[in-house]
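> Below is protein.txt; it holds compact mmCIF, C-alpha atoms.
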# COMPACT_ATOMS: atom_id res chain seq x y z
CA ALA A 1 93.74 78.40 64.34
CA LEU A 2 97.48 79.00 64.12
CA LEU A 3 96.92 81.97 61.80
CA ILE A 4 94.48 83.55 64.28
CA VAL A 5 96.92 83.01 67.14
CA THR A 6 99.77 84.49 65.09
CA VAL A 7 97.73 87.58 64.20
CA LEU A 8 96.79 88.01 67.88
CA TYR A 9 100.45 87.68 68.89
CA VAL A 10 101.54 90.32 66.39
CA ALA A 11 98.71 92.66 67.45
CA ILE A 12 99.59 92.42 71.13
CA SER A 13 103.32 92.79 70.36
CA VAL A 14 102.69 95.97 68.39
CA ALA A 15 100.32 97.33 71.05
CA TYR A 16 102.92 96.53 73.71
CA SER A 17 105.69 98.30 71.79
CA LEU A 18 103.60 101.39 71.12
CA TRP A 19 101.54 101.77 74.28
CA LEU A 20 101.00 98.91 76.71
CA LYS A 21 104.59 98.86 78.01
CA HIS A 22 103.96 102.33 79.43
CA VAL A 23 100.86 101.35 81.44
CA ALA A 24 101.59 99.96 84.91
CA ILE A 25 100.21 96.47 85.56
CA VAL A 26 98.86 96.22 81.99
CA ASP A 27 102.46 95.79 80.78
CA LEU A 28 102.82 92.73 83.00
CA GLY A 29 99.62 91.25 81.61
CA ALA A 30 100.68 91.95 78.03
CA VAL A 31 104.04 90.21 78.40
CA ALA A 32 102.47 87.27 80.26
CA GLY A 33 99.80 87.15 77.55
CA LEU A 34 102.48 86.89 74.88
CA PHE A 35 103.93 83.88 76.72
CA MET A 36 100.45 82.35 76.77
CA ILE A 37 99.92 82.95 73.09
CA ARG A 38 103.21 81.15 72.35
CA ALA A 39 101.96 78.15 74.32
CA ILE A 40 98.61 78.27 72.50
CA ALA A 41 100.43 78.54 69.16
CA GLY A 42 102.39 75.42 70.05
CA GLY A 43 99.16 73.57 70.70
CA ALA A 44 97.59 74.89 67.51
CA ALA A 45 100.64 74.02 65.40
CA THR A 46 100.85 70.46 66.72
CA GLY A 47 97.15 69.77 67.08
CA VAL A 48 97.54 69.18 70.81
CA TYR A 49 94.48 70.01 72.89
CA LEU A 50 95.36 72.43 75.69
CA THR A 51 93.29 71.93 78.81
CA SER A 52 91.97 74.77 80.92
CA TRP A 53 94.30 73.55 83.70
CA PHE A 54 97.29 73.94 81.39
CA LEU A 55 96.19 77.43 80.39
CA VAL A 56 95.66 78.56 83.98
CA VAL A 57 98.99 77.18 85.18
CA THR A 58 100.86 78.57 82.19
CA SER A 59 99.29 82.02 82.34
CA PHE A 60 99.95 82.53 86.04
CA ALA A 61 103.43 81.01 85.80
CA ALA A 62 104.15 83.52 83.02
CA LEU A 63 102.84 86.38 85.16
CA PHE A 64 105.04 85.13 88.01
CA ILE A 65 108.14 85.11 85.79
CA VAL A 66 107.43 88.55 84.29
CA THR A 67 106.81 90.05 87.73
CA GLY A 68 109.97 88.42 89.05
CA LYS A 69 111.93 89.98 86.20
CA ARG A 70 110.59 93.42 87.15
CA ILE A 71 111.40 92.92 90.85
CA SER A 72 114.95 91.87 89.95
CA GLU A 73 115.31 94.89 87.65
CA ILE A 74 114.33 97.19 90.50
CA SER A 75 116.79 95.47 92.86
CA VAL A 76 119.69 95.60 90.42
CA HIS A 77 119.09 99.25 89.54
CA GLU A 78 118.67 100.30 93.17
CA GLU A 79 121.86 98.48 94.11
CA ALA A 80 123.77 100.21 91.31
CA GLY A 81 122.20 103.56 92.18
CA ILE A 82 120.85 104.06 88.67
CA GLU A 83 117.38 104.68 87.37
CA SER A 84 115.66 101.93 85.40
CA LYS A 85 115.19 102.31 81.67
CA ARG A 86 111.57 101.27 82.21
CA ALA A 87 109.72 104.38 83.30
CA VAL A 88 106.71 102.23 84.19
CA LEU A 89 108.67 100.70 87.08
CA ALA A 90 108.55 104.06 88.86
CA GLU A 91 104.76 103.64 89.00
CA MET A 92 104.91 100.14 90.51
CA PRO A 93 106.16 99.90 94.07
CA ARG A 94 108.18 96.78 94.81
CA SER A 95 105.57 95.80 97.41
CA VAL A 96 102.85 95.69 94.73
CA LEU A 97 105.06 93.61 92.46
CA GLN A 98 105.81 91.25 95.34
CA GLN A 99 102.08 90.83 95.98
CA ILE A 100 101.48 90.12 92.29
CA SER A 101 104.33 87.61 92.40
CA THR A 102 102.84 85.87 95.44
CA ILE A 103 99.33 85.81 93.99
CA SER A 104 100.43 84.51 90.59
CA ALA A 105 102.67 81.80 92.10
CA THR A 106 99.91 80.73 94.47
CA ILE A 107 97.37 80.40 91.66
CA ALA A 108 99.80 78.52 89.38
CA ILE A 109 100.82 76.11 92.16
CA ALA A 110 97.24 75.59 93.35
CA ALA A 111 95.99 74.98 89.81
CA TYR A 112 98.78 72.49 89.15
CA ALA A 113 98.08 70.68 92.42
CA LEU A 114 94.36 70.54 91.68
CA TRP A 115 95.09 69.18 88.21
CA ALA A 116 97.55 66.59 89.59
CA PHE A 117 95.10 65.42 92.23
CA GLN A 118 92.24 65.37 89.74
CA ARG A 119 94.23 63.17 87.34
CA SER A 120 93.46 60.04 89.29
CA TYR A 121 92.12 58.85 92.56
CA GLY A 122 93.47 56.13 94.75
CA SER A 123 96.78 54.92 96.03
CA ASP A 124 98.14 53.23 92.90
CA LEU A 125 101.60 54.27 91.68
CA HIS A 126 100.13 56.36 88.85
CA SER A 127 98.09 58.48 91.28
CA VAL A 128 100.88 58.77 93.83
CA LEU A 129 103.35 59.99 91.20
CA PHE A 130 100.95 62.61 89.84
CA HIS A 131 100.24 63.80 93.38
CA ALA A 132 103.94 63.77 94.27
CA SER A 133 104.82 65.87 91.20
CA ALA A 134 103.20 68.85 92.91
CA VAL A 135 106.05 68.96 95.45
CA PRO A 136 108.98 69.57 93.08
CA PHE A 137 106.72 71.83 91.00
CA THR A 138 106.19 73.99 94.08
CA LEU A 139 109.88 73.91 94.98
CA VAL A 140 110.75 75.19 91.48
CA PHE A 141 108.59 78.26 92.13
CA LEU A 142 110.07 78.80 95.58
CA ARG A 143 113.64 78.51 94.30
CA TYR A 144 112.90 80.95 91.48
CA LEU A 145 111.36 83.32 94.02
CA LEU A 146 114.61 83.20 95.98
CA LEU A 147 116.54 84.09 92.81
CA VAL A 148 114.13 86.99 92.21
CA HIS A 149 114.73 88.41 95.67
CA ARG A 150 118.47 88.05 95.26
CA GLY A 151 118.19 90.15 92.11
CA ASP A 152 119.27 87.20 89.96
CA ALA A 153 116.18 86.98 87.74
CA GLU A 154 116.52 90.11 85.62
CA ALA A 155 117.15 87.71 82.72
CA PRO A 156 114.80 84.80 83.55
CA GLU A 157 116.31 82.50 80.93
CA HIS A 158 119.75 82.98 82.48
CA ALA A 159 118.41 82.51 86.01
CA VAL A 160 116.76 79.24 85.03
CA THR A 161 119.70 77.83 83.10
CA SER A 162 122.48 78.90 85.47
CA ASP A 163 121.11 77.90 88.88
CA ARG A 164 122.05 74.26 89.51
CA VAL A 165 119.55 73.80 92.31
CA LEU A 166 116.71 75.12 90.17
CA LEU A 167 117.80 72.87 87.28
CA ALA A 168 117.88 69.88 89.63
CA LEU A 169 114.39 70.68 90.92
CA VAL A 170 113.09 71.00 87.36
CA ALA A 171 114.70 67.64 86.53
CA VAL A 172 113.03 66.01 89.55
CA TRP A 173 109.66 67.48 88.56
CA VAL A 174 110.04 66.37 84.92
CA ALA A 175 111.13 62.87 86.00
CA THR A 176 108.20 62.55 88.39
CA PHE A 177 105.76 63.83 85.78
CA VAL A 178 107.11 61.57 83.02
CA ALA A 179 107.03 58.59 85.36
CA ALA A 180 103.40 59.36 86.24
CA VAL A 181 102.42 59.56 82.58
CA TYR A 182 104.48 56.75 81.04
CA VAL A 183 105.80 54.40 83.70
CA ALA A 184 103.04 53.96 86.22
Here is a file; write its structure as structure tokens.

Amino acid sequence: ALLIVTVLYVAISVAYSLWLKHVAIVDLGAVAGLFMIRAIAGGAATGVYLTSWFLVVTSFAALFIVTGKRISEISVHEEAGIESKRAVLAEMPRSVLQQISTISATIAIAAYALWAFQRSYGSDLHSVLFHASAVPFTLVFLRYLLLVHRGDAEAPEHAVTSDRVLLALVAVWVATFVAAVYVA
């Protein structure tokens, strides 16, 4: 399975480099797809079963991050009065990217919340913690969205690692999630 995933990753990477990065909207899907394939490769390499919930959340979170990167690129280049190196950005109005960002975040958050609420029923601590984990998860997306609109997400890895509030929200989400899985 890992070999198949690796071949698919290489094929999409080559297609992206040669053609897909020049096709508006498809470029977003290709980059988000590459994120997904990395997640799938991780599951294949470790023998961990990836649920459909995980795949939906991960794919739309990836699309959200990629779209946020493009929005930030537009903001930074407009502010500097220079044209973007990505010609495809000229074909994608900021308003369309913002709609894609909103749609992808909404689907990722809704899928996570549905998964968290499906995990267990009742009012025991286990259930409450899974349900509660949806709140910091949502706040992580909202904080990242703020960074995007500030123009601070052109390098998503830098945005995530340098914003203390975002890091704190991620820590709260991870703590809540881990407590739901292992403590409760």
> Under the rule that all atoms listed in the file are counted, which of A:Tyr112, A:Phe117, A:Phe64, A:Phe177 is the nearest residue to Ala153 of chain A?
A:Phe64
> Using 12 Å as the limit and counting only C-alpha atoms, can you tabulate each residue of segment 73-136 of chain A that touches segment 49-61 of chain A, with its shortest atom-to-atom distance in Å and the two atoms involved, as a tab-separated table?

residue	atom	partner	partner_atom	distance
A:Ile100	CA	A:Phe60	CA	10.0
A:Ser101	CA	A:Phe60	CA	9.2
A:Thr102	CA	A:Phe60	CA	10.4
A:Ile103	CA	A:Phe60	CA	8.6
A:Ser104	CA	A:Phe60	CA	5.0
A:Ala105	CA	A:Ala61	CA	6.4
A:Thr106	CA	A:Phe60	CA	8.6
A:Ile107	CA	A:Phe60	CA	6.5
A:Ala108	CA	A:Val57	CA	4.5
A:Ile109	CA	A:Val57	CA	7.3
A:Ala110	CA	A:Val57	CA	8.5
A:Ala111	CA	A:Val57	CA	5.9
A:Tyr112	CA	A:Val57	CA	6.1
A:Ala113	CA	A:Val57	CA	9.8
A:Leu114	CA	A:Trp53	CA	8.5
A:Trp115	CA	A:Trp53	CA	6.3
A:Ala116	CA	A:Trp53	CA	9.7
A:Phe117	CA	A:Trp53	CA	11.8
A:Gln118	CA	A:Trp53	CA	10.4
A:Arg119	CA	A:Trp53	CA	11.0
> If I put a ball of radius 10 Å at (114.7, 92.5, 90.6) in the file's coordinates, which residues poke into it when counting all atoms listed in the file, written as a VMD selection string?
chain A and resid 67 to 79 94 97 147 to 155
> Just how far from atom CA of Ala32 of chain A is atom CA of Leu63 of chain A, in Å to one decimal?
5.0 Å
> Leaving out segment 25-30 of chain A and any residue of its chain fewer than 4 positions from it, which residues lie within 8 Å of it when counting all atoms listed in the file, given as JSON, numbers by chain?
{"A": [12, 16, 20, 21, 34, 63, 66, 67, 92]}
> For the atom pair atom CA of Tyr182 of chain A and atom CA of Arg143 of chain A, what is the interatomic distance in Å to one decimal place?
27.1 Å
> So which residues touch Ile4 of chain A within 12 Å, counting only C-alpha atoms, skipping near sequence neighbours fewer than 3 positions away, as a list in words?
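In the requested format, the answer is Ala1, Val7, Leu8, Tyr9, Val10, Ala11, Ile37, Ile40, Ala41, Ala44 and Ala45 of chain A.
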> Could segment 48-76 of chain A be completed with N, CA and C atoms and written as a PDB file, in the frame of the given file, please?

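Result saved to out.pdb:
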ATOM      1  N   VAL A  48      97.675  69.660  69.437  1.00  0.00           N
ATOM      2  CA  VAL A  48      97.540  69.180  70.810  1.00  0.00           C
ATOM      3  C   VAL A  48      96.475  70.010  71.529  1.00  0.00           C
ATOM      4  N   TYR A  49      95.528  69.324  72.129  1.00  0.00           N
ATOM      5  CA  TYR A  49      94.480  70.010  72.890  1.00  0.00           C
ATOM      6  C   TYR A  49      95.068  70.536  74.192  1.00  0.00           C
ATOM      7  N   LEU A  50      94.867  71.814  74.456  1.00  0.00           N
ATOM      8  CA  LEU A  50      95.360  72.430  75.690  1.00  0.00           C
ATOM      9  C   LEU A  50      94.205  72.539  76.667  1.00  0.00           C
ATOM     10  N   THR A  51      94.365  71.917  77.819  1.00  0.00           N
ATOM     11  CA  THR A  51      93.290  71.930  78.810  1.00  0.00           C
ATOM     12  C   THR A  51      93.221  73.278  79.513  1.00  0.00           C
ATOM     13  N   SER A  52      92.104  73.522  80.152  1.00  0.00           N
ATOM     14  CA  SER A  52      91.970  74.770  80.920  1.00  0.00           C
ATOM     15  C   SER A  52      92.979  74.783  82.063  1.00  0.00           C
ATOM     16  N   TRP A  53      93.295  73.620  82.629  1.00  0.00           N
ATOM     17  CA  TRP A  53      94.300  73.550  83.700  1.00  0.00           C
ATOM     18  C   TRP A  53      95.646  74.027  83.175  1.00  0.00           C
ATOM     19  N   PHE A  54      96.020  73.543  82.006  1.00  0.00           N
ATOM     20  CA  PHE A  54      97.290  73.940  81.390  1.00  0.00           C
ATOM     21  C   PHE A  54      97.322  75.449  81.179  1.00  0.00           C
ATOM     22  N   LEU A  55      96.239  75.997  80.668  1.00  0.00           N
ATOM     23  CA  LEU A  55      96.190  77.430  80.390  1.00  0.00           C
ATOM     24  C   LEU A  55      96.271  78.269  81.660  1.00  0.00           C
ATOM     25  N   VAL A  56      95.604  77.827  82.710  1.00  0.00           N
ATOM     26  CA  VAL A  56      95.660  78.560  83.980  1.00  0.00           C
ATOM     27  C   VAL A  56      97.068  78.511  84.565  1.00  0.00           C
ATOM     28  N   VAL A  57      97.645  77.318  84.615  1.00  0.00           N
ATOM     29  CA  VAL A  57      98.990  77.180  85.180  1.00  0.00           C
ATOM     30  C   VAL A  57      99.991  77.992  84.362  1.00  0.00           C
ATOM     31  N   THR A  58      99.922  77.873  83.047  1.00  0.00           N
ATOM     32  CA  THR A  58     100.860  78.570  82.190  1.00  0.00           C
ATOM     33  C   THR A  58     100.712  80.090  82.280  1.00  0.00           C
ATOM     34  N   SER A  59      99.488  80.570  82.297  1.00  0.00           N
ATOM     35  CA  SER A  59      99.290  82.020  82.340  1.00  0.00           C
ATOM     36  C   SER A  59      99.777  82.620  83.652  1.00  0.00           C
ATOM     37  N   PHE A  60      99.498  81.973  84.765  1.00  0.00           N
ATOM     38  CA  PHE A  60      99.950  82.530  86.040  1.00  0.00           C
ATOM     39  C   PHE A  60     101.436  82.288  86.279  1.00  0.00           C
ATOM     40  N   ALA A  61     101.977  81.210  85.728  1.00  0.00           N
ATOM     41  CA  ALA A  61     103.430  81.010  85.800  1.00  0.00           C
ATOM     42  C   ALA A  61     104.130  82.099  84.994  1.00  0.00           C
ATOM     43  N   ALA A  62     103.577  82.440  83.845  1.00  0.00           N
ATOM     44  CA  ALA A  62     104.150  83.520  83.020  1.00  0.00           C
ATOM     45  C   ALA A  62     104.090  84.848  83.759  1.00  0.00           C
ATOM     46  N   LEU A  63     102.967  85.138  84.389  1.00  0.00           N
ATOM     47  CA  LEU A  63     102.840  86.380  85.160  1.00  0.00           C
ATOM     48  C   LEU A  63     103.855  86.395  86.304  1.00  0.00           C
ATOM     49  N   PHE A  64     104.060  85.253  86.946  1.00  0.00           N
ATOM     50  CA  PHE A  64     105.040  85.130  88.010  1.00  0.00           C
ATOM     51  C   PHE A  64     106.450  85.438  87.504  1.00  0.00           C
ATOM     52  N   ILE A  65     106.805  84.892  86.354  1.00  0.00           N
ATOM     53  CA  ILE A  65     108.140  85.110  85.790  1.00  0.00           C
ATOM     54  C   ILE A  65     108.337  86.572  85.387  1.00  0.00           C
ATOM     55  N   VAL A  66     107.331  87.148  84.730  1.00  0.00           N
ATOM     56  CA  VAL A  66     107.430  88.550  84.290  1.00  0.00           C
ATOM     57  C   VAL A  66     107.555  89.472  85.505  1.00  0.00           C
ATOM     58  N   THR A  67     106.763  89.231  86.513  1.00  0.00           N
ATOM     59  CA  THR A  67     106.810  90.050  87.730  1.00  0.00           C
ATOM     60  C   THR A  67     108.163  89.889  88.425  1.00  0.00           C
ATOM     61  N   GLY A  68     108.659  88.662  88.468  1.00  0.00           N
ATOM     62  CA  GLY A  68     109.970  88.420  89.050  1.00  0.00           C
ATOM     63  C   GLY A  68     111.068  89.170  88.324  1.00  0.00           C
ATOM     64  N   LYS A  69     110.961  89.228  87.003  1.00  0.00           N
ATOM     65  CA  LYS A  69     111.930  89.980  86.200  1.00  0.00           C
ATOM     66  C   LYS A  69     111.906  91.451  86.605  1.00  0.00           C
ATOM     67  N   ARG A  70     110.714  92.008  86.774  1.00  0.00           N
ATOM     68  CA  ARG A  70     110.590  93.420  87.150  1.00  0.00           C
ATOM     69  C   ARG A  70     111.150  93.674  88.553  1.00  0.00           C
ATOM     70  N   ILE A  71     110.874  92.769  89.486  1.00  0.00           N
ATOM     71  CA  ILE A  71     111.400  92.920  90.850  1.00  0.00           C
ATOM     72  C   ILE A  71     112.930  92.894  90.819  1.00  0.00           C
ATOM     73  N   SER A  72     113.484  91.954  90.065  1.00  0.00           N
ATOM     74  CA  SER A  72     114.950  91.870  89.950  1.00  0.00           C
ATOM     75  C   SER A  72     115.528  93.124  89.309  1.00  0.00           C
ATOM     76  N   GLU A  73     114.847  93.648  88.287  1.00  0.00           N
ATOM     77  CA  GLU A  73     115.310  94.890  87.650  1.00  0.00           C
ATOM     78  C   GLU A  73     115.382  96.020  88.670  1.00  0.00           C
ATOM     79  N   ILE A  74     114.347  96.145  89.474  1.00  0.00           N
ATOM     80  CA  ILE A  74     114.330  97.190  90.500  1.00  0.00           C
ATOM     81  C   ILE A  74     115.505  96.991  91.460  1.00  0.00           C
ATOM     82  N   SER A  75     115.718  95.765  91.918  1.00  0.00           N
ATOM     83  CA  SER A  75     116.790  95.470  92.860  1.00  0.00           C
ATOM     84  C   SER A  75     118.153  95.808  92.282  1.00  0.00           C
ATOM     85  N   VAL A  76     118.393  95.372  91.058  1.00  0.00           N
ATOM     86  CA  VAL A  76     119.690  95.600  90.420  1.00  0.00           C
ATOM     87  C   VAL A  76     119.940  97.092  90.224  1.00  0.00           C
TER      88      VAL A  76
END
